[in-house]
$ cat query_21.txt   # compact mmCIF, C-alpha atoms
# COMPACT_ATOMS: atom_id res chain seq x y z
CA MET A 1 -47.71 15.93 20.22
CA ALA A 2 -48.30 19.08 22.32
CA VAL A 3 -47.84 21.17 19.19
CA SER A 4 -50.51 19.08 17.46
CA LEU A 5 -52.94 19.70 20.33
CA GLN A 6 -52.37 23.44 20.08
CA ASP A 7 -52.83 23.33 16.30
CA GLU A 8 -56.12 21.49 16.64
CA LEU A 9 -57.36 23.91 19.29
CA ARG A 10 -56.41 26.94 17.17
CA ALA A 11 -58.21 25.42 14.19
CA LEU A 12 -61.35 25.01 16.30
CA GLN A 13 -61.19 28.56 17.65
CA SER A 14 -60.46 30.20 14.29
CA ASN A 15 -63.35 28.25 12.78
CA GLY A 16 -65.79 29.75 15.30
CA THR A 17 -66.75 26.28 16.50
CA TRP A 18 -68.10 27.43 19.86
CA THR A 19 -68.64 30.28 22.28
CA LEU A 20 -68.42 29.97 26.06
CA VAL A 21 -71.73 30.39 27.90
CA PRO A 22 -72.66 30.01 31.60
CA TYR A 23 -73.73 26.53 32.61
CA CYS A 24 -77.43 25.87 33.26
CA SER A 25 -78.82 22.76 34.93
CA SER A 26 -81.30 22.22 32.05
CA MET A 27 -78.45 21.72 29.55
CA ASN A 28 -77.40 18.28 28.37
CA VAL A 29 -73.63 18.84 28.38
CA VAL A 30 -71.62 16.46 26.20
CA GLY A 31 -68.15 15.41 27.32
CA ASN A 32 -65.06 15.18 25.11
CA ARG A 33 -61.62 13.60 24.89
CA TRP A 34 -58.45 13.86 22.83
CA VAL A 35 -57.86 11.08 20.31
CA TYR A 36 -54.41 10.48 18.85
CA LYS A 37 -53.76 8.79 15.53
CA ILE A 38 -50.77 8.04 13.35
CA LYS A 39 -51.48 8.71 9.67
CA ARG A 40 -49.48 6.39 7.42
CA ARG A 41 -48.56 6.33 3.75
CA ALA A 42 -49.23 3.45 1.34
CA ASP A 43 -45.87 1.85 2.18
CA GLY A 44 -46.61 1.91 5.92
CA SER A 45 -44.25 4.77 6.76
CA ILE A 46 -45.48 7.54 9.08
CA ASP A 47 -46.99 10.53 7.30
CA ARG A 48 -47.90 12.64 10.34
CA TYR A 49 -49.11 12.51 13.93
CA LYS A 50 -52.65 13.76 14.45
CA ALA A 51 -54.53 14.85 17.55
CA ARG A 52 -58.27 15.38 17.37
CA LEU A 53 -60.82 16.66 19.88
CA VAL A 54 -63.75 14.25 19.83
CA ALA A 55 -67.11 14.74 21.53
CA ARG A 56 -68.63 11.90 23.54
CA GLY A 57 -71.65 11.65 21.27
CA PHE A 58 -73.06 8.63 23.11
CA THR A 59 -74.23 11.05 25.85
CA GLN A 60 -76.43 13.00 23.41
CA GLN A 61 -80.20 12.68 23.72
CA GLU A 62 -82.35 12.20 20.64
CA GLY A 63 -84.81 15.02 20.10
CA ILE A 64 -82.85 17.35 22.39
CA ASP A 65 -79.41 17.85 20.87
CA TYR A 66 -79.62 15.70 17.73
CA LEU A 67 -82.27 14.61 15.23
CA GLU A 68 -81.31 12.87 11.97
CA THR A 69 -77.98 11.09 11.49
CA PHE A 70 -76.21 9.43 8.61
CA SER A 71 -72.66 9.01 7.32
CA PRO A 72 -71.68 10.53 3.94
CA VAL A 73 -69.96 7.70 2.08
CA VAL A 74 -70.17 6.79 -1.58
CA LYS A 75 -71.12 3.24 -2.57
CA PRO A 76 -67.99 1.20 -3.43
CA ALA A 77 -69.46 0.15 -6.79
CA THR A 78 -69.68 3.84 -7.71
CA VAL A 79 -65.94 4.27 -7.16
CA ARG A 80 -65.25 1.18 -9.25
CA LEU A 81 -67.54 2.58 -11.97
CA ILE A 82 -65.99 6.04 -12.19
CA LEU A 83 -62.39 4.81 -12.37
CA PRO A 84 -62.74 2.72 -15.59
CA ILE A 85 -64.62 5.58 -17.25
CA ALA A 86 -61.80 8.00 -16.37
CA VAL A 87 -59.12 5.51 -17.44
CA THR A 88 -60.82 4.75 -20.76
CA ARG A 89 -61.32 8.45 -21.50
CA GLY A 90 -57.77 9.35 -20.38
CA TRP A 91 -58.92 11.77 -17.67
CA PHE A 92 -56.70 12.82 -14.77
CA ILE A 93 -58.04 11.72 -11.36
CA HIS A 94 -57.38 14.19 -8.53
CA GLN A 95 -57.28 13.03 -4.93
CA LEU A 96 -58.40 15.72 -2.46
CA ASP A 97 -58.38 15.75 1.32
CA VAL A 98 -60.51 18.14 3.37
CA HIS A 99 -58.75 19.30 6.53
CA ASN A 100 -60.98 18.86 9.60
CA ALA A 101 -63.99 18.16 7.38
CA PHE A 102 -66.58 17.73 10.14
CA LEU A 103 -65.69 21.11 11.65
CA ASN A 104 -67.25 22.80 8.61
CA GLY A 105 -70.76 21.54 9.31
CA ILE A 106 -73.22 24.08 10.75
CA LEU A 107 -75.38 22.78 13.60
CA GLU A 108 -79.13 23.33 13.60
CA GLU A 109 -79.62 21.96 17.11
CA GLU A 110 -78.63 23.42 20.48
CA VAL A 111 -75.57 21.42 21.55
CA TYR A 112 -73.43 22.11 24.62
CA MET A 113 -70.06 20.55 25.39
CA GLU A 114 -67.54 20.66 28.20
CA GLN A 115 -64.43 22.75 27.62
CA PRO A 116 -61.55 20.79 26.02
CA LEU A 117 -59.73 18.63 28.53
CA GLY A 118 -56.58 20.40 29.67
CA PHE A 119 -57.50 23.70 27.97
CA SER A 120 -60.14 25.30 30.18
CA HIS A 121 -60.46 29.08 30.10
CA PRO A 122 -58.43 30.53 33.01
CA THR A 123 -61.24 32.79 34.29
CA LEU A 124 -64.36 31.06 32.88
CA SER A 125 -63.64 27.50 33.89
CA SER A 126 -67.26 26.86 34.95
CA HIS A 127 -68.63 27.84 31.51
CA VAL A 128 -69.50 25.32 28.78
CA CYS A 129 -69.06 25.43 25.02
CA HIS A 130 -72.14 26.31 23.00
CA LEU A 131 -71.38 24.59 19.68
CA HIS A 132 -72.21 26.48 16.48
CA LYS A 133 -70.40 24.11 14.14
CA SER A 134 -70.11 20.36 14.28
CA ILE A 135 -67.24 18.50 15.89
CA TYR A 136 -66.02 14.92 15.52
CA GLY A 137 -67.99 12.49 17.63
CA LEU A 138 -71.35 14.25 17.47
CA LYS A 139 -74.11 12.07 16.09
CA GLN A 140 -75.18 14.69 13.53
CA ALA A 141 -71.63 15.69 12.47
CA PRO A 142 -71.56 13.58 9.25
CA ARG A 143 -74.96 14.88 8.18
CA ALA A 144 -73.99 18.51 8.90
CA TRP A 145 -70.77 18.16 6.87
CA TYR A 146 -72.57 16.54 3.93
CA THR A 147 -75.22 19.28 3.94
CA ARG A 148 -72.60 22.03 3.98
CA LEU A 149 -70.53 20.52 1.15
CA SER A 150 -73.49 19.55 -1.03
CA ASP A 151 -75.04 23.03 -0.71
CA TYR A 152 -71.75 24.61 -1.77
CA LEU A 153 -71.25 22.22 -4.70
CA ILE A 154 -74.78 22.89 -5.93
CA SER A 155 -74.06 26.63 -5.78
CA LEU A 156 -71.07 25.98 -8.10
CA GLY A 157 -73.30 24.25 -10.65
CA PHE A 158 -72.98 20.62 -9.57
CA ARG A 159 -75.98 18.35 -9.10
CA ALA A 160 -76.24 15.24 -6.97
CA SER A 161 -76.76 11.93 -8.73
CA THR A 162 -80.23 10.48 -8.24
CA ALA A 163 -78.75 6.96 -8.05
CA ASN A 164 -76.08 7.87 -5.48
CA THR A 165 -76.36 11.20 -3.68
CA PHE A 166 -72.65 11.21 -2.77
CA LEU A 167 -71.69 11.51 -6.43
CA PHE A 168 -71.85 15.04 -7.83
CA ILE A 169 -71.85 15.86 -11.56
CA TYR A 170 -70.98 19.14 -13.25
CA SER A 171 -72.14 19.40 -16.85
CA ASP A 172 -71.81 22.47 -19.07
CA GLY A 173 -71.88 21.86 -22.79
CA HIS A 174 -69.13 19.36 -23.55
CA ASP A 175 -67.53 19.79 -20.10
CA LEU A 176 -68.04 16.96 -17.61
CA ILE A 177 -66.71 16.83 -14.04
CA TYR A 178 -67.37 14.03 -11.54
CA LEU A 179 -66.83 14.42 -7.78
CA LEU A 180 -66.95 11.43 -5.43
CA MET A 181 -67.26 12.07 -1.69
CA TYR A 182 -66.24 9.66 1.08
CA VAL A 183 -66.38 11.73 4.29
CA GLU A 184 -63.28 13.99 3.96
CA ASN A 185 -61.79 12.02 1.03
CA ILE A 186 -62.72 13.28 -2.44
CA LEU A 187 -61.97 12.07 -5.96
CA LEU A 188 -62.36 14.61 -8.77
CA THR A 189 -62.09 13.82 -12.47
CA GLY A 190 -63.38 15.15 -15.76
CA ASN A 191 -62.56 16.05 -19.35
CA ASN A 192 -61.53 19.70 -18.81
CA SER A 193 -58.26 20.13 -16.87
CA THR A 194 -58.61 23.94 -16.61
CA LEU A 195 -62.10 23.63 -15.17
CA ARG A 196 -60.96 20.94 -12.72
CA CYS A 197 -58.20 23.17 -11.34
CA HIS A 198 -60.58 26.14 -11.16
CA LEU A 199 -63.12 24.14 -9.17
CA ILE A 200 -60.41 22.95 -6.76
CA THR A 201 -59.35 26.57 -6.22
CA LEU A 202 -62.95 27.59 -5.50
CA MET A 203 -63.44 24.71 -3.05
CA ASN A 204 -60.18 25.57 -1.29
CA SER A 205 -61.41 29.13 -0.76
CA GLU A 206 -64.43 27.73 1.11
CA PHE A 207 -62.82 24.74 2.85
CA LYS A 208 -59.20 23.97 3.65
CA ILE A 209 -58.39 21.36 0.98
CA ARG A 210 -55.18 19.56 0.13
CA ASP A 211 -54.73 18.53 -3.49
CA LEU A 212 -52.76 15.28 -3.22
CA GLY A 213 -52.26 15.08 -6.98
CA SER A 214 -53.04 11.93 -8.91
CA VAL A 215 -54.97 9.32 -6.92
CA HIS A 216 -52.50 6.96 -5.25
CA TYR A 217 -53.80 5.92 -1.80
CA PHE A 218 -57.54 6.24 -1.30
CA LEU A 219 -59.42 4.77 1.70
CA GLY A 220 -56.51 2.47 2.47
CA ILE A 221 -56.42 1.25 -1.14
CA GLU A 222 -53.21 1.56 -3.12
CA VAL A 223 -53.82 2.84 -6.66
CA THR A 224 -50.97 2.00 -9.03
CA LYS A 225 -50.68 3.05 -12.68
CA THR A 226 -49.98 0.26 -15.16
CA ALA A 227 -49.50 0.09 -18.93
CA MET A 228 -53.15 -1.00 -19.29
CA GLY A 229 -54.73 1.40 -16.78
CA LEU A 230 -54.86 1.16 -12.98
CA MET A 231 -54.36 -1.51 -10.34
CA LEU A 232 -56.26 -1.31 -7.04
CA LEU A 233 -54.43 -3.11 -4.23
CA GLN A 234 -54.92 -3.61 -0.51
CA HIS A 235 -51.50 -5.21 -0.01
CA LYS A 236 -50.60 -3.49 3.26
CA TYR A 237 -54.11 -4.04 4.62
CA THR A 238 -53.93 -7.74 3.70
CA LEU A 239 -50.60 -8.17 5.50
CA ASP A 240 -52.10 -6.43 8.55
CA ILE A 241 -54.97 -8.95 8.61
CA ILE A 242 -52.53 -11.87 8.40
CA ARG A 243 -50.47 -10.37 11.23
CA ARG A 244 -53.52 -9.71 13.42
CA ALA A 245 -54.62 -13.32 12.93
CA GLY A 246 -51.18 -14.45 14.15
CA MET A 247 -50.50 -16.32 10.90
CA SER A 248 -47.57 -14.43 9.37
CA LEU A 249 -45.63 -17.69 8.91
CA CYS A 250 -48.54 -19.87 7.78
CA LYS A 251 -48.51 -22.03 4.67
CA ALA A 252 -50.48 -20.57 1.74
CA ALA A 253 -53.70 -22.24 0.54
CA ASP A 254 -54.78 -22.55 -3.10
CA MET A 255 -58.45 -21.65 -2.51
CA PRO A 256 -60.20 -19.45 0.10
CA ALA A 257 -62.71 -22.19 0.91
CA SER A 258 -63.37 -25.82 0.18
CA SER A 259 -66.31 -26.51 -2.13
CA SER A 260 -67.28 -29.49 0.03
CA SER A 261 -67.30 -27.67 3.39
CA ARG A 262 -70.83 -27.38 4.84
CA LEU A 263 -70.86 -25.45 8.10
CA LEU A 264 -73.47 -25.80 10.82
CA LEU A 265 -74.43 -23.22 13.41
CA THR A 266 -73.63 -25.48 16.39
CA SER A 267 -71.56 -28.31 14.94
CA ASP A 268 -68.53 -27.69 17.17
CA THR A 269 -67.44 -26.19 20.48
CA LEU A 270 -67.72 -22.43 20.81
CA HIS A 271 -64.60 -20.51 19.86
CA SER A 272 -62.61 -19.32 22.87
CA ASP A 273 -62.15 -15.76 21.54
CA PRO A 274 -65.30 -14.59 19.68
CA THR A 275 -64.12 -10.96 19.73
CA ARG A 276 -61.03 -11.85 17.75
CA TYR A 277 -63.19 -13.81 15.30
CA ARG A 278 -65.42 -10.77 14.71
CA GLN A 279 -62.45 -8.44 14.31
CA ILE A 280 -60.78 -10.60 11.65
CA VAL A 281 -64.03 -11.25 9.78
CA GLY A 282 -64.92 -7.55 9.88
CA ALA A 283 -61.52 -6.73 8.40
CA LEU A 284 -62.06 -9.35 5.69
CA GLN A 285 -65.34 -7.67 4.74
CA TYR A 286 -63.52 -4.45 3.82
CA LEU A 287 -60.93 -6.44 1.88
CA THR A 288 -63.68 -7.49 -0.55
CA PHE A 289 -63.54 -3.90 -1.88
CA THR A 290 -60.88 -5.11 -4.34
CA ARG A 291 -61.10 -8.89 -3.89
CA PRO A 292 -64.22 -10.52 -5.40
CA ASP A 293 -62.40 -13.86 -5.20
CA ILE A 294 -62.96 -14.06 -1.42
CA CYS A 295 -66.49 -12.64 -1.43
CA TYR A 296 -68.26 -16.03 -1.17
CA ALA A 297 -66.01 -17.36 1.58
CA VAL A 298 -66.26 -14.14 3.62
CA ASN A 299 -70.05 -14.21 3.31
CA LYS A 300 -70.04 -17.72 4.77
CA VAL A 301 -68.01 -16.82 7.87
CA CYS A 302 -70.08 -13.65 8.37
CA GLN A 303 -73.15 -15.81 9.01
CA PHE A 304 -71.72 -17.02 12.33
CA MET A 305 -70.55 -13.72 13.86
CA HIS A 306 -73.01 -14.01 16.77
CA SER A 307 -71.81 -17.42 17.94
CA PRO A 308 -68.59 -18.60 16.26
CA THR A 309 -67.27 -22.11 16.84
CA ASP A 310 -63.86 -23.66 16.31
CA GLY A 311 -65.07 -25.02 12.96
CA HIS A 312 -66.00 -21.53 11.81
CA TRP A 313 -62.60 -20.24 12.94
CA SER A 314 -60.93 -22.95 10.86
CA LEU A 315 -62.63 -21.54 7.76
CA VAL A 316 -61.45 -18.04 8.68
CA LYS A 317 -57.90 -19.39 8.94
CA ARG A 318 -58.34 -21.02 5.52
CA ILE A 319 -59.19 -17.60 4.05
CA VAL A 320 -56.16 -16.04 5.76
CA ARG A 321 -53.93 -18.83 4.41
CA TYR A 322 -55.27 -18.08 0.93
CA LEU A 323 -54.42 -14.39 1.43
CA GLN A 324 -50.89 -15.36 2.45
CA GLY A 325 -50.24 -16.54 -1.10
CA THR A 326 -52.29 -13.84 -2.86
CA ALA A 327 -51.48 -10.68 -0.88
CA SER A 328 -50.38 -8.95 -4.08
CA TYR A 329 -53.67 -9.68 -5.87
CA GLY A 330 -55.88 -6.73 -6.71
CA LEU A 331 -58.44 -5.33 -9.09
CA HIS A 332 -57.32 -4.44 -12.62
CA ILE A 333 -59.00 -1.44 -14.22
CA THR A 334 -58.15 -1.70 -17.89
CA ARG A 335 -58.45 0.78 -20.70
CA GLY A 336 -60.89 -0.29 -23.40
CA SER A 337 -63.12 1.12 -26.10
CA SER A 338 -66.28 -0.63 -24.84
CA LEU A 339 -68.21 0.44 -21.75
CA SER A 340 -71.01 -2.08 -22.20
CA LEU A 341 -72.62 -3.73 -19.19
CA HIS A 342 -72.84 -7.47 -18.69
CA GLY A 343 -73.07 -9.67 -15.64
CA PHE A 344 -73.07 -13.20 -14.26
CA THR A 345 -75.33 -14.68 -11.60
CA ASP A 346 -75.27 -18.03 -9.83
CA ALA A 347 -76.75 -19.79 -6.80
CA ASP A 348 -76.51 -23.01 -4.90
CA TRP A 349 -79.64 -24.72 -3.63
CA ALA A 350 -80.33 -25.20 0.07
CA GLY A 351 -76.67 -24.66 0.82
CA SER A 352 -77.31 -23.87 4.48
CA LEU A 353 -77.84 -27.00 6.54
CA ASP A 354 -79.39 -24.96 9.37
CA ASP A 355 -82.31 -23.29 7.58
CA ARG A 356 -82.14 -24.77 4.02
CA LYS A 357 -81.70 -21.33 2.48
CA SER A 358 -79.69 -20.90 -0.70
CA THR A 359 -76.76 -18.57 -1.37
CA GLY A 360 -76.84 -16.37 -4.47
CA GLY A 361 -74.32 -14.06 -6.02
CA TYR A 362 -73.60 -11.81 -8.98
CA LEU A 363 -70.64 -10.20 -10.73
CA VAL A 364 -71.10 -7.17 -13.01
CA TYR A 365 -68.61 -5.95 -15.61
CA LEU A 366 -68.29 -2.57 -17.31
CA GLY A 367 -66.39 -3.46 -20.44
CA SER A 368 -63.60 -5.77 -19.24
CA THR A 369 -63.49 -4.40 -15.66
CA SER A 370 -65.48 -5.95 -12.81
CA ILE A 371 -67.21 -3.16 -10.91
CA SER A 372 -69.81 -4.78 -8.64
CA TRP A 373 -70.20 -8.13 -6.90
CA LYS A 374 -72.03 -9.68 -4.01
CA SER A 375 -72.58 -13.05 -2.36
CA ARG A 376 -75.28 -13.46 0.25
CA LYS A 377 -77.77 -15.91 1.70
CA GLN A 378 -81.23 -15.53 0.18
CA ARG A 379 -84.00 -14.23 2.43
CA THR A 380 -86.47 -17.05 1.75
CA VAL A 381 -86.28 -20.80 1.25
CA ALA A 382 -86.22 -21.82 -2.43
CA ARG A 383 -88.35 -24.88 -3.29
CA SER A 384 -86.17 -25.83 -6.26
CA SER A 385 -82.78 -25.09 -7.76
CA THR A 386 -84.58 -23.11 -10.49
CA GLU A 387 -86.19 -20.84 -7.90
CA ALA A 388 -82.82 -20.25 -6.23
CA GLU A 389 -81.33 -19.37 -9.62
CA TYR A 390 -83.99 -16.84 -10.56
CA LYS A 391 -83.75 -15.18 -7.16
CA ALA A 392 -80.03 -14.68 -7.80
CA LEU A 393 -80.89 -13.47 -11.30
CA THR A 394 -83.29 -10.94 -9.80
CA ASP A 395 -80.60 -9.54 -7.49
CA GLY A 396 -78.12 -9.28 -10.36
CA THR A 397 -80.69 -7.59 -12.60
CA ALA A 398 -81.56 -5.06 -9.90
CA GLU A 399 -77.87 -4.18 -9.49
CA ILE A 400 -77.38 -3.73 -13.24
CA LEU A 401 -80.49 -1.53 -13.48
CA TRP A 402 -79.08 0.63 -10.69
CA ILE A 403 -75.74 0.89 -12.54
CA ARG A 404 -77.61 1.86 -15.74
CA ALA A 405 -79.36 4.64 -13.81
CA LEU A 406 -75.97 5.78 -12.52
CA LEU A 407 -74.52 5.78 -16.03
CA SER A 408 -77.49 7.86 -17.18
CA ASP A 409 -76.68 10.44 -14.47
CA LEU A 410 -73.09 10.45 -15.76
CA HIS A 411 -74.34 11.27 -19.28
CA PHE A 412 -73.45 7.84 -20.64
CA SER A 413 -75.94 5.86 -22.69
CA SER A 414 -75.73 2.09 -22.19
CA ASN A 415 -76.59 -0.61 -24.70
CA PRO A 416 -78.93 -3.50 -23.83
CA MET A 417 -77.38 -5.48 -20.99
CA THR A 418 -76.50 -9.16 -21.07
CA ILE A 419 -76.79 -11.42 -18.04
CA PHE A 420 -75.28 -14.89 -18.06
$ encode --input "query_21.txt" --output "structure tokens"
Amino acid sequence: MAVSLQDELRALQSNGTWTLVPYCSSMNVVGNRWVYKIKRRADGSIDRYKARLVARGFTQQEGIDYLETFSPVVKPATVRLILPIAVTRGWFIHQLDVHNAFLNGILEEEVYMEQPLGFSHPTLSSHVCHLHKSIYGLKQAPRAWYTRLSDYLISLGFRASTANTFLFIYSDGHDLIYLLMYVENILLTGNNSTLRCHLITLMNSEFKIRDLGSVHYFLGIEVTKTAMGLMLLQHKYTLDIIRRAGMSLCKAADMPASSSSRLLLTSDTLHSDPTRYRQIVGALQYLTFTRPDICYAVNKVCQFMHSPTDGHWSLVKRIVRYLQGTASYGLHITRGSSLSLHGFTDADWAGSLDDRKSTGGYLVYLGSTSISWKSRKQRTVARSSTEAEYKALTDGTAEILWIRALLSDLHFSSNPMTIF
């Protein structure tokens, strides 16, 4: 681990991340700490041990050492849209990893930080670090990294999608290249293999990038090639949820929720461990990335995060029991000639006994692959089942119109859409 600390420190110094300056009482000096993490492969085996210097960004002061903040992540539906296009067209999908991505961002604000814990300068121990480039933990670090990468990609001829600014498109004649950005994780695909490799070489000259080859383990999602296309799985993640819930030996359930269960906000005694409830439900939310079958049930338990009861926890356990028997389920991305859009919408009426609000949902397909779905409580009370239905229809239509705009950015024309 000591070697990893030294490697991280050398990377920071060679990157010109800071210079030491004398301390002044008017400075807002941010603290730091070392964070250790074990990076694992798709099968759970250890890939490498990682040490990272992280700033204590919670001590920053808005307007003094940070202004705007946001996190550069692509919308999940965009990932699920690009993959079937690449599979249908037979394009190779590169998986790239940017080494120390946030350290590439250039700071516009004056930010000062304590010297790294355990590595103070022997003769300038009272000095502080004047940061020139971003560091993990700073509030503006994600924005600085996104700005640096997007500016470089635009200089190479890419343009950001108007529907999703974390999708970049390169178009030159018949050549098409798509680049998806999720913090330091990047997917790159397109119809010209020579151009793809050339762009990776150019990006590696500007940033330290690892080409991991064909996409296989992206954002904790296992990507497996099949005879029909790709299979997206969260098998290891699902087993981790079951283990964290303490239900590794539980009996499997046939459905994630009972159609007759009607939960109330205060129908039972408060759950003894609300933190555990929130942790499990939060993990289930990310599992819906590849599991639309649990979307409705997860939405229901999410409505009681602020004050969970034993009855709510029973529904969470029902979902976990369902996962016990379906841990190997995933999302099939199949190869097909059609890339037409169609969707389904549905709603109950006054499904919530607490406020009489309805729950609506939609599921959108590109060809034979489901790419977008959502289940959520409607914002207003519907006066009839028809009103609840057309509110769900409105949400589904808005999502399909957004996907059509995204397809237009990708240079794909879409036929009239059908909504059932």
$ closest_residue --input "query_21.txt" --among "A:Trp91, A:Trp349, A:Phe289, A:Phe207" --to "A:Leu188" --atoms "only C-alpha atoms"
A:Trp91
$ residues_near_point --input "query_21.txt" --point "(-84.3, 14.4, 17.4)" --cutoff "12 Å" --atoms "all atoms listed in the file" --output "MDAnalysis selection string"
chainID A and resid 60:69 108:111 139:140
$ atom_distance --input "query_21.txt" --atom1 "atom CA of A:Gln279" --atom2 "atom CA of A:Tyr36"
21.1 Å
$ closest_atom_pairs --input "query_21.txt" --of "stretch 333-371 of chain A" --to "stretch 227-241 of chain A" --cutoff "7 Å" --atoms "only C-alpha atoms" --output "Markdown table"
| residue | atom | partner | partner_atom | distance |
| --- | --- | --- | --- | --- |
| A:Ile333 | CA | A:Leu230 | CA | 5.0 |
| A:Thr334 | CA | A:Gly229 | CA | 4.7 |
| A:Arg335 | CA | A:Gly229 | CA | 5.4 |
$ residues_around --input "query_21.txt" --residues "A:Gly336" --least-positions-apart "5" --cutoff "12 Å" --atoms "all atoms listed in the file" --output "compact mmCIF listing (two decimals) with C-alpha atoms, in the frame of the given file"
# COMPACT_ATOMS: atom_id res chain seq x y z
CA PRO A 84 -62.74 2.72 -15.59
CA ILE A 85 -64.62 5.58 -17.25
CA ALA A 86 -61.80 8.00 -16.37
CA VAL A 87 -59.12 5.51 -17.44
CA THR A 88 -60.82 4.75 -20.76
CA ARG A 89 -61.32 8.45 -21.50
CA GLY A 90 -57.77 9.35 -20.38
CA MET A 228 -53.15 -1.00 -19.29
CA GLY A 229 -54.73 1.40 -16.78
CA LEU A 366 -68.29 -2.57 -17.31
CA GLY A 367 -66.39 -3.46 -20.44
CA SER A 368 -63.60 -5.77 -19.24
CA THR A 369 -63.49 -4.40 -15.66
$ residues_around --input "query_21.txt" --residues "A:Ala297" --least-positions-apart "4" --cutoff "8 Å" --atoms "only C-alpha atoms" --output "number ranges by chain"
A: 256-257, 301, 319
$ residues_around --input "query_21.txt" --residues "A:Thr189" --least-positions-apart "2" --cutoff "6 Å" --atoms "only C-alpha atoms" --output "tab-separated table (two decimals) with C-alpha atoms, in the coordinates of the input"
chain	number	residue	atom	x	y	z
A	92	PHE	CA	-56.70	12.82	-14.77
A	93	ILE	CA	-58.04	11.72	-11.36
A	177	ILE	CA	-66.71	16.83	-14.04
A	178	TYR	CA	-67.37	14.03	-11.54
$ residues_near_point --input "query_21.txt" --point "(-72.5, 23.3, 11.2)" --cutoff "7 Å" --atoms "all atoms listed in the file" --output "PyMOL selection string"
chain A and resi 104-107+132-134+144-145
